[in-house]
Every structure is written in structure tokens, then in C-alpha cells.
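A.B. asks: This one is final34.cif, mmCIF, C-alpha atoms and all ligand atoms.
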data_data
#
loop_
_atom_site.label_atom_id
_atom_site.label_comp_id
_atom_site.auth_asym_id
_atom_site.auth_seq_id
_atom_site.Cartn_x
_atom_site.Cartn_y
_atom_site.Cartn_z
CA MET I 1 19.55 -45.17 -30.51
CA LEU I 2 20.81 -48.58 -29.36
CA THR I 3 21.77 -51.00 -32.09
CA TYR I 4 19.38 -53.89 -32.61
CA ASP I 5 19.43 -56.84 -34.94
CA PHE I 6 16.01 -57.58 -36.40
CA SER I 7 17.31 -59.35 -39.50
CA ASN I 8 15.05 -62.26 -40.48
CA LYS I 9 12.17 -60.53 -38.66
CA VAL I 10 9.04 -59.38 -40.46
CA VAL I 11 7.52 -56.20 -39.07
CA LEU I 12 4.08 -54.78 -39.84
CA ILE I 13 3.37 -51.11 -39.06
CA THR I 14 -0.05 -49.52 -39.41
CA GLY I 15 0.08 -45.77 -39.92
CA GLY I 16 3.64 -46.09 -41.17
CA THR I 17 3.44 -43.48 -43.91
CA SER I 18 4.27 -40.52 -41.68
CA GLY I 19 5.31 -39.31 -38.25
CA ILE I 20 6.09 -41.82 -35.52
CA GLY I 21 5.05 -44.83 -37.64
CA LEU I 22 7.42 -43.89 -40.47
CA ALA I 23 10.30 -43.12 -38.10
CA THR I 24 9.79 -46.55 -36.51
CA ALA I 25 9.61 -48.23 -39.91
CA ARG I 26 12.96 -46.64 -40.79
CA ALA I 27 14.49 -47.78 -37.50
CA PHE I 28 13.34 -51.39 -38.03
CA ALA I 29 14.62 -51.31 -41.63
CA ARG I 30 18.02 -50.04 -40.43
CA ALA I 31 18.04 -52.95 -37.98
CA GLY I 32 17.60 -55.39 -40.86
CA ALA I 33 13.89 -56.21 -40.64
CA SER I 34 11.57 -56.63 -43.60
CA VAL I 35 8.95 -53.94 -43.12
CA VAL I 36 5.34 -53.81 -44.27
CA ILE I 37 3.41 -50.56 -44.00
CA GLY I 38 -0.39 -50.60 -43.91
CA SER I 39 -1.76 -47.10 -44.08
CA ARG I 40 -3.89 -44.57 -45.87
CA GLY I 41 -2.28 -42.30 -48.43
CA GLU I 42 -1.08 -43.99 -51.62
CA VAL I 43 1.49 -41.35 -52.55
CA ALA I 44 3.00 -41.20 -49.08
CA GLY I 45 2.92 -45.01 -48.96
CA ASP I 46 4.77 -45.46 -52.22
CA HIS I 47 7.32 -42.89 -51.09
CA ALA I 48 7.76 -44.66 -47.73
CA GLU I 49 8.21 -48.03 -49.47
CA ALA I 50 10.86 -46.59 -51.77
CA THR I 51 12.71 -44.95 -48.86
CA LEU I 52 12.72 -48.14 -46.79
CA ALA I 53 13.72 -50.28 -49.77
CA ALA I 54 17.08 -48.48 -49.81
CA THR I 55 17.98 -50.20 -46.53
CA SER I 56 15.82 -53.31 -46.37
CA GLN I 57 12.93 -55.19 -47.94
CA ALA I 58 9.74 -53.14 -47.82
CA LEU I 59 6.12 -53.33 -48.90
CA PHE I 60 3.33 -50.75 -48.77
CA VAL I 61 -0.25 -52.04 -48.70
CA PRO I 62 -2.93 -49.31 -48.89
CA THR I 63 -5.08 -49.99 -45.84
CA ASP I 64 -7.90 -48.37 -43.91
CA VAL I 65 -7.66 -49.85 -40.42
CA ARG I 66 -11.39 -49.24 -39.83
CA ASP I 67 -12.17 -51.93 -42.39
CA GLU I 68 -11.74 -55.56 -41.29
CA GLY I 69 -11.45 -56.82 -44.87
CA ALA I 70 -8.59 -54.39 -45.51
CA VAL I 71 -6.79 -55.35 -42.31
CA ALA I 72 -7.17 -59.07 -43.06
CA ALA I 73 -5.78 -58.45 -46.56
CA LEU I 74 -2.84 -56.48 -45.11
CA VAL I 75 -1.82 -59.38 -42.87
CA ALA I 76 -2.42 -61.89 -45.67
CA ARG I 77 -0.22 -59.87 -48.08
CA THR I 78 2.51 -59.72 -45.41
CA VAL I 79 2.54 -63.49 -44.96
CA GLU I 80 2.28 -64.09 -48.71
CA ARG I 81 5.29 -61.86 -49.42
CA PHE I 82 7.55 -62.58 -46.44
CA GLY I 83 6.27 -65.92 -45.16
CA ARG I 84 5.52 -64.88 -41.57
CA LEU I 85 4.72 -62.04 -39.19
CA ASP I 86 6.92 -61.51 -36.12
CA ILE I 87 6.31 -57.95 -34.95
CA ALA I 88 3.47 -55.44 -35.26
CA PHE I 89 3.34 -51.76 -34.33
CA ASN I 90 -0.24 -50.52 -34.47
CA ALA I 91 0.34 -46.78 -34.83
CA ALA I 92 -2.45 -45.59 -37.16
CA GLY I 93 -4.35 -42.88 -35.38
CA ILE I 94 -6.15 -39.57 -35.70
CA GLY I 95 -6.61 -36.70 -33.29
CA GLY I 96 -10.20 -35.89 -34.20
CA ASP I 97 -12.04 -32.67 -33.54
CA MET I 98 -11.67 -30.62 -30.40
CA ALA I 99 -15.11 -29.91 -28.95
CA PRO I 100 -16.87 -29.78 -25.61
CA VAL I 101 -18.79 -32.97 -24.92
CA ALA I 102 -22.18 -31.23 -25.02
CA THR I 103 -21.68 -29.99 -28.58
CA ALA I 104 -19.43 -32.65 -30.12
CA SER I 105 -20.93 -34.63 -32.99
CA GLN I 106 -21.58 -38.34 -32.86
CA ASP I 107 -19.82 -38.71 -36.21
CA ALA I 108 -16.65 -37.21 -34.75
CA TRP I 109 -16.81 -39.66 -31.82
CA ASP I 110 -17.41 -42.62 -34.13
CA ASP I 111 -14.56 -41.62 -36.42
CA VAL I 112 -11.94 -41.38 -33.68
CA MET I 113 -13.07 -44.61 -32.03
CA ALA I 114 -13.16 -46.41 -35.39
CA VAL I 115 -9.54 -45.58 -36.23
CA ASN I 116 -7.86 -45.46 -32.82
CA ALA I 117 -9.73 -48.19 -30.95
CA ARG I 118 -11.45 -50.50 -33.48
CA GLY I 119 -8.43 -50.22 -35.78
CA VAL I 120 -6.12 -51.56 -33.08
CA TRP I 121 -8.61 -54.29 -32.19
CA LEU I 122 -8.95 -55.41 -35.81
CA ALA I 123 -5.19 -55.31 -36.30
CA MET I 124 -4.54 -57.49 -33.25
CA ARG I 125 -7.17 -60.04 -34.29
CA HIS I 126 -5.41 -60.72 -37.57
CA GLU I 127 -1.82 -60.20 -36.42
CA ILE I 128 -2.19 -62.67 -33.57
CA ALA I 129 -3.60 -65.36 -35.84
CA ALA I 130 -0.59 -64.95 -38.16
CA MET I 131 1.93 -64.87 -35.29
CA LEU I 132 0.51 -68.02 -33.70
CA ALA I 133 1.06 -69.85 -36.98
CA THR I 134 4.84 -69.39 -36.62
CA GLY I 135 5.22 -69.65 -32.85
CA GLY I 136 4.72 -66.11 -31.52
CA GLY I 137 5.76 -62.51 -31.76
CA ALA I 138 5.49 -59.06 -30.23
CA ILE I 139 2.87 -56.33 -30.62
CA VAL I 140 3.09 -52.67 -29.61
CA ASN I 141 -0.11 -50.62 -29.65
CA MET I 142 0.15 -46.84 -29.86
CA SER I 143 -1.59 -45.17 -26.97
CA SER I 144 -0.60 -41.77 -25.58
CA ILE I 145 -0.18 -39.84 -22.38
CA TYR I 146 -3.90 -39.31 -22.97
CA GLY I 147 -4.38 -43.04 -22.49
CA ALA I 148 -3.68 -42.36 -18.82
CA ALA I 149 -4.79 -38.74 -18.32
CA GLY I 150 -7.69 -36.56 -19.41
CA LYS I 151 -7.68 -33.49 -21.64
CA ALA I 152 -10.50 -31.01 -21.89
CA ALA I 153 -12.29 -30.94 -25.27
CA HIS I 154 -10.45 -34.10 -26.42
CA HIS I 155 -12.76 -36.68 -24.79
CA ALA I 156 -13.03 -38.96 -27.85
CA TYR I 157 -9.27 -39.12 -28.41
CA VAL I 158 -8.69 -39.65 -24.69
CA ALA I 159 -11.32 -42.41 -24.56
CA SER I 160 -9.82 -44.13 -27.61
CA LYS I 161 -6.32 -44.11 -26.13
CA HIS I 162 -7.60 -45.44 -22.77
CA ALA I 163 -9.30 -48.20 -24.80
CA VAL I 164 -5.95 -49.10 -26.37
CA ILE I 165 -4.44 -49.67 -22.94
CA GLY I 166 -7.42 -51.76 -21.80
CA MET I 167 -7.22 -53.93 -24.92
CA THR I 168 -3.47 -54.29 -24.56
CA ARG I 169 -3.79 -55.56 -20.99
CA SER I 170 -6.60 -58.00 -21.82
CA VAL I 171 -5.10 -59.38 -25.03
CA GLY I 172 -1.67 -59.52 -23.38
CA LEU I 173 -3.14 -61.82 -20.72
CA GLU I 174 -4.92 -63.89 -23.35
CA VAL I 175 -1.75 -64.73 -25.28
CA ALA I 176 0.86 -64.55 -22.49
CA GLN I 177 1.47 -68.31 -22.63
CA ARG I 178 1.30 -68.55 -26.39
CA GLY I 179 4.54 -66.75 -27.22
CA ILE I 180 3.12 -63.30 -27.97
CA ARG I 181 3.89 -60.19 -25.91
CA VAL I 182 1.49 -57.25 -26.20
CA ASN I 183 2.37 -53.81 -24.87
CA ALA I 184 1.19 -50.23 -25.26
CA LEU I 185 3.24 -47.07 -25.55
CA CYS I 186 2.17 -43.79 -23.94
CA ALA I 187 4.07 -41.20 -25.92
CA GLY I 188 4.32 -37.61 -24.81
CA VAL I 189 3.87 -34.86 -27.37
CA THR I 190 6.24 -35.66 -30.21
CA ALA I 191 7.87 -33.31 -32.69
CA THR I 192 6.53 -34.85 -35.90
CA ARG I 193 6.39 -32.90 -39.13
CA ALA I 194 2.66 -32.29 -38.63
CA MET I 195 3.40 -30.93 -35.16
CA ARG I 196 6.17 -28.68 -36.48
CA GLN I 197 3.85 -27.38 -39.23
CA ALA I 198 1.11 -26.65 -36.67
CA ALA I 199 3.67 -24.79 -34.59
CA GLU I 200 4.55 -22.58 -37.54
CA VAL I 201 0.90 -21.51 -37.75
CA VAL I 202 0.36 -21.18 -33.98
CA PRO I 203 3.80 -20.84 -32.32
CA GLN I 204 2.20 -20.81 -28.87
CA ILE I 205 1.31 -24.51 -29.30
CA VAL I 206 4.92 -25.57 -28.79
CA GLY I 207 5.38 -23.48 -25.66
CA ASP I 208 2.19 -24.89 -24.15
CA PHE I 209 3.18 -28.48 -24.91
CA VAL I 210 6.73 -28.05 -23.69
CA ALA I 211 5.48 -26.52 -20.43
CA GLN I 212 3.42 -29.66 -19.75
CA HIS I 213 6.45 -31.96 -20.02
CA PRO I 214 8.79 -31.76 -17.01
CA ILE I 215 11.79 -32.62 -19.18
CA GLY I 216 11.25 -29.28 -20.95
CA ARG I 217 10.87 -30.30 -24.60
CA MET I 218 8.86 -32.49 -26.95
CA ALA I 219 9.95 -36.05 -27.75
CA SER I 220 11.74 -36.75 -31.01
CA GLU I 221 10.25 -39.35 -33.34
CA ASP I 222 13.39 -41.43 -32.90
CA GLU I 223 12.98 -41.49 -29.11
CA ILE I 224 9.53 -43.03 -29.54
CA ALA I 225 10.79 -45.44 -32.23
CA SER I 226 13.60 -46.47 -29.90
CA ALA I 227 11.10 -47.54 -27.23
CA VAL I 228 9.10 -49.55 -29.78
CA LEU I 229 12.22 -51.41 -30.91
CA TRP I 230 13.16 -52.16 -27.30
CA LEU I 231 9.67 -53.49 -26.52
CA CYS I 232 9.93 -55.80 -29.55
CA SER I 233 13.47 -56.95 -28.75
CA PRO I 234 14.55 -60.03 -26.75
CA GLY I 235 15.68 -57.60 -24.03
CA ALA I 236 12.01 -56.97 -23.24
CA GLY I 237 11.23 -60.70 -23.19
CA TYR I 238 9.55 -60.51 -19.76
CA VAL I 239 7.51 -57.38 -20.56
CA THR I 240 3.87 -57.88 -21.49
CA GLY I 241 0.48 -56.28 -20.84
CA THR I 242 2.07 -53.01 -19.83
CA ALA I 243 1.72 -49.39 -20.91
CA LEU I 244 5.17 -47.85 -21.14
CA ALA I 245 5.29 -44.08 -20.74
CA VAL I 246 7.86 -42.31 -22.90
CA ASP I 247 6.66 -38.89 -21.93
CA GLY I 248 9.37 -36.66 -20.50
CA GLY I 249 7.80 -37.05 -17.06
CA PHE I 250 4.29 -35.89 -18.09
CA LEU I 251 2.46 -38.65 -16.22
CA ALA I 252 4.65 -38.32 -13.14
CA ALA I 253 3.68 -34.69 -12.62
N1 LIG F 1 2.59 -36.93 -32.35
C1 LIG F 1 2.31 -36.99 -31.05
O1 LIG F 1 2.58 -36.06 -30.29
C2 LIG F 1 1.68 -38.24 -30.48
C3 LIG F 1 1.73 -38.44 -29.10
C4 LIG F 1 1.17 -39.59 -28.55
C5 LIG F 1 0.58 -40.52 -29.38
N2 LIG F 1 0.53 -40.30 -30.71
C6 LIG F 1 -0.09 -41.34 -31.54
O2 LIG F 1 0.91 -41.86 -32.39
C7 LIG F 1 0.33 -42.34 -33.61
C8 LIG F 1 1.01 -41.69 -34.78
O3 LIG F 1 0.84 -40.29 -34.67
P1 LIG F 1 1.68 -39.22 -35.51
O4 LIG F 1 1.80 -38.02 -34.68
O5 LIG F 1 2.89 -39.86 -36.07
O6 LIG F 1 0.59 -38.87 -36.62
P2 LIG F 1 0.59 -38.86 -38.20
O7 LIG F 1 -0.66 -38.16 -38.58
O8 LIG F 1 1.88 -38.37 -38.75
O9 LIG F 1 0.47 -40.41 -38.54
C9 LIG F 1 -0.73 -41.10 -38.46
C10 LIG F 1 -0.69 -42.23 -39.45
O10 LIG F 1 -1.93 -42.96 -39.34
C11 LIG F 1 -2.44 -43.15 -40.65
N3 LIG F 1 -3.89 -43.28 -40.59
C12 LIG F 1 -4.81 -42.40 -40.15
N4 LIG F 1 -6.04 -42.91 -40.27
C13 LIG F 1 -5.90 -44.16 -40.80
C14 LIG F 1 -6.80 -45.19 -41.19
N5 LIG F 1 -8.12 -45.07 -41.06
N6 LIG F 1 -6.28 -46.33 -41.68
C15 LIG F 1 -4.95 -46.49 -41.84
N7 LIG F 1 -4.05 -45.55 -41.52
C16 LIG F 1 -4.52 -44.39 -41.01
C17 LIG F 1 -1.98 -41.94 -41.45
O11 LIG F 1 -2.01 -42.20 -42.84
C18 LIG F 1 -0.57 -41.78 -40.91
O12 LIG F 1 0.32 -42.67 -41.56
C19 LIG F 1 -1.16 -42.00 -33.49
O13 LIG F 1 -1.84 -43.15 -33.02
C20 LIG F 1 -1.19 -40.89 -32.45
O14 LIG F 1 -2.44 -40.83 -31.78
C21 LIG F 1 1.08 -39.19 -31.29
#
Can you dump the structure from the file as C-alpha cells?
C.D. replies:
Amino acid sequence: MLTYDFSNKVVLITGGTSGIGLATARAFARAGASVVIGSRGEVAGDHAEATLAATSQALFVPTDVRDEGAVAALVARTVERFGRLDIAFNAAGIGGDMAPVATASQDAWDDVMAVNARGVWLAMRHEIAAMLATGGGAIVNMSSIYGAAGKAAHHAYVASKHAVIGMTRSVGLEVAQRGIRVNALCAGVTATRAMRQAAEVVPQIVGDFVAQHPIGRMASEDEIASAVLWLCSPGAGYVTGTALAVDGGFLAA
């Protein structure tokens, strides 16, 4: 990974207690940032805070991103503790149930949309208000290759990740002249711990995923984190409203 300097920057990561969010939190902490994690899972959150605190200043705030009061409190706690908010990575997300559209439940649809789409919308509402108070910032919203392609039996997840890209473009335009850049990331299938555990149960999963990615393997968590750090760095100062694919060629095929 390239070396970045995010010292004196305050970074908020939703869904930072595991997987891609946690790997990105670690990368920002190594680069000197103060890192706030807003996520479900108190035990995992406390553990993440302790791990990050070894390298940088860290705070875990138990948060359900479906709940506007909780998201508002997360941003308020961030500003209270660190005085500002410079960078946000909205990574909280769920996969939801796999089901054909004719038999899928409305609850399953609502659940995925509430976390993956409304959660990003709520996060941006409050993050932007805080960033404007100190002159700007950068936001990365977690989409997916399925923000730009379909997948049978995953219509709710696919819809939610397309929504993330639509919101990113629209909000990016809204704040383009107010010092805030807003981008989305379309990650290919990533070898998180949850993915590795699933592969132990059904080894065929990995082969299927790998076959769909022209580069011939899954992404590492650090490769996704690396793209987030770049998007939030001064080097990406002219990049806004875009959806960056970090997908081993998936969307090119
Ligand atoms: N792993 C992949 O292959 C992959 C690929 C593309 C995109 N993504 C996206 O990346 C993001 C992270 O995925 P991951 O694979 O690291 O998964 P993960 O399950 O390890 O992490 C998801 C995180 O979101 C949090 N979360 C879930 N629901 C929440 C809620 N209601 N409120 C607050 N936090 C909540 C969890 O606690 C966890 O910290 C997700 O948005 C996912 O859709 C993952």
C-alpha cells in the first residue's frame, strides 16, 4: 500500500468492526488519522477500538445506521471528541437473503434497503453538515460490482448498491463547490474473514467467484482499503461523483 499522511485528520467509518471497514480503519490509523467507528456489535467494536488505539486515537460508538437518531449521535460524538470531521467511509452493509423476486419477502427487501441505502443517505446527511462546519472533506460510499451489474436472486442487494451510486452522483454534484468530494467504490468479491469462513463450508463458492473476476482471484481487504485512502487523499482532489471499480476486471468483462 502507498504511504499516506492523514495525521490531524478525523475519519469516521460506518461498519468498521469487521471486514473491509475494519481493514480501512486500520489503514487510516497507520496513516496517523484519528478514527471513529460507528457500527453494530459492541464486543467487536470494543475490540476494534482497542486494536486501533495501539497506533492512533480511536473511538467506537455503537450505531445502527438505519436509525437517524443513532447516526446523528455518532457524528455528534465524533465532533465532541475530536473537534471536526474530515473523512467518512460509509461501509456498513448487509447481503440479505437470496431469493427469486416472486417469492422474496417484503421484510427482506426493507431490511437490505434500510441498511445499505437509507444508512448511507442518513450518514451523508449528518457527515456533510459536520464537514461544512470546518470547510469540507471527503466521503466514500461503499457500493459494489453489483452497483453496476445485476445478479440473479440478489435483486434487493443489487438495487441497494445501485442506489448508493445514484446518491453519490447526486450528492457529489450538490456539494462540489462547497469543498466536499463524494465518491463510491465498486469492490469486487473480497476475501474477508466472513468470505473465507463461507468458503470453508462451501469450497465451490471461491472457485465460482474467482472465475467471475478476470484477474483470477478475489480482492484482499487491503486492496479495497488502499482505494479508499487514495479517494480521500489530496491526490484525488479532482475526483468527485464517480464510482471507482476495484474489481479485478469484473465490470470490464
Ligand atoms: N466482501 C465483499 O466481497 C464485498 C464486495 C463488494 C462490496 N462489499 C460491501 O462492503 C461493505 C463491507 O462488507 P464486508 O464484506 O466487509 O462485510 P462485513 O459483514 O464484514 O462488515 C459489515 C459491517 O457492517 C456492519 N453493519 C451491518 N449492519 C449494520 C447496521 N444496521 N448498522 C451499523 N452497522 C452495520 C457490521 O457490524 C460490520 O461491521 C458492505 O457494504 C458490503 O456490501 C463487500
A.B. asks: Within 8 Å of ligand LIG 1 (chain F), counting all atoms listed in the file, which protein or nucleic acid residues do you find, written as a PyMOL selection string?
C.D. replies: chain I and resi 14-22+38-41+62-66+90-95+114-116+119+142-146+157+161+186-195+218-219+221
A.B. asks: Between I:Ala27, I:Val71, I:Cys232, I:Ala163, which has the minimum distance to Met124 in chain I (counting all atoms listed in the file)?
C.D. replies: I:Val71
A.B. asks: How far is it from CA of Ile139 in chain I to CA of Leu12 in chain I, in Å with one decimal?
C.D. replies: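 Answer for the CA of Ile139 in chain I to CA of Leu12 in chain I separation: 9.4 Å.
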A.B. asks: What does the distance from CA of Gly96 in chain I to CA of Ala152 in chain I come to in Å, to one decimal?
C.D. replies: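 We find that CA of Gly96 in chain I and CA of Ala152 in chain I lie 13.2 Å from each other.
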A.B. asks: Can you work out the spacing between CA of Thr168 in chain I and CA of Met113 in chain I in Å, to one decimal?
C.D. replies: 15.5 Å
A.B. asks: Restricting the calculation to only C-alpha atoms: of I:Ala108, I:Thr24, I:Val10, I:Asp208, which residue gets closest to Trp230 in chain I?
C.D. replies: I:Thr24
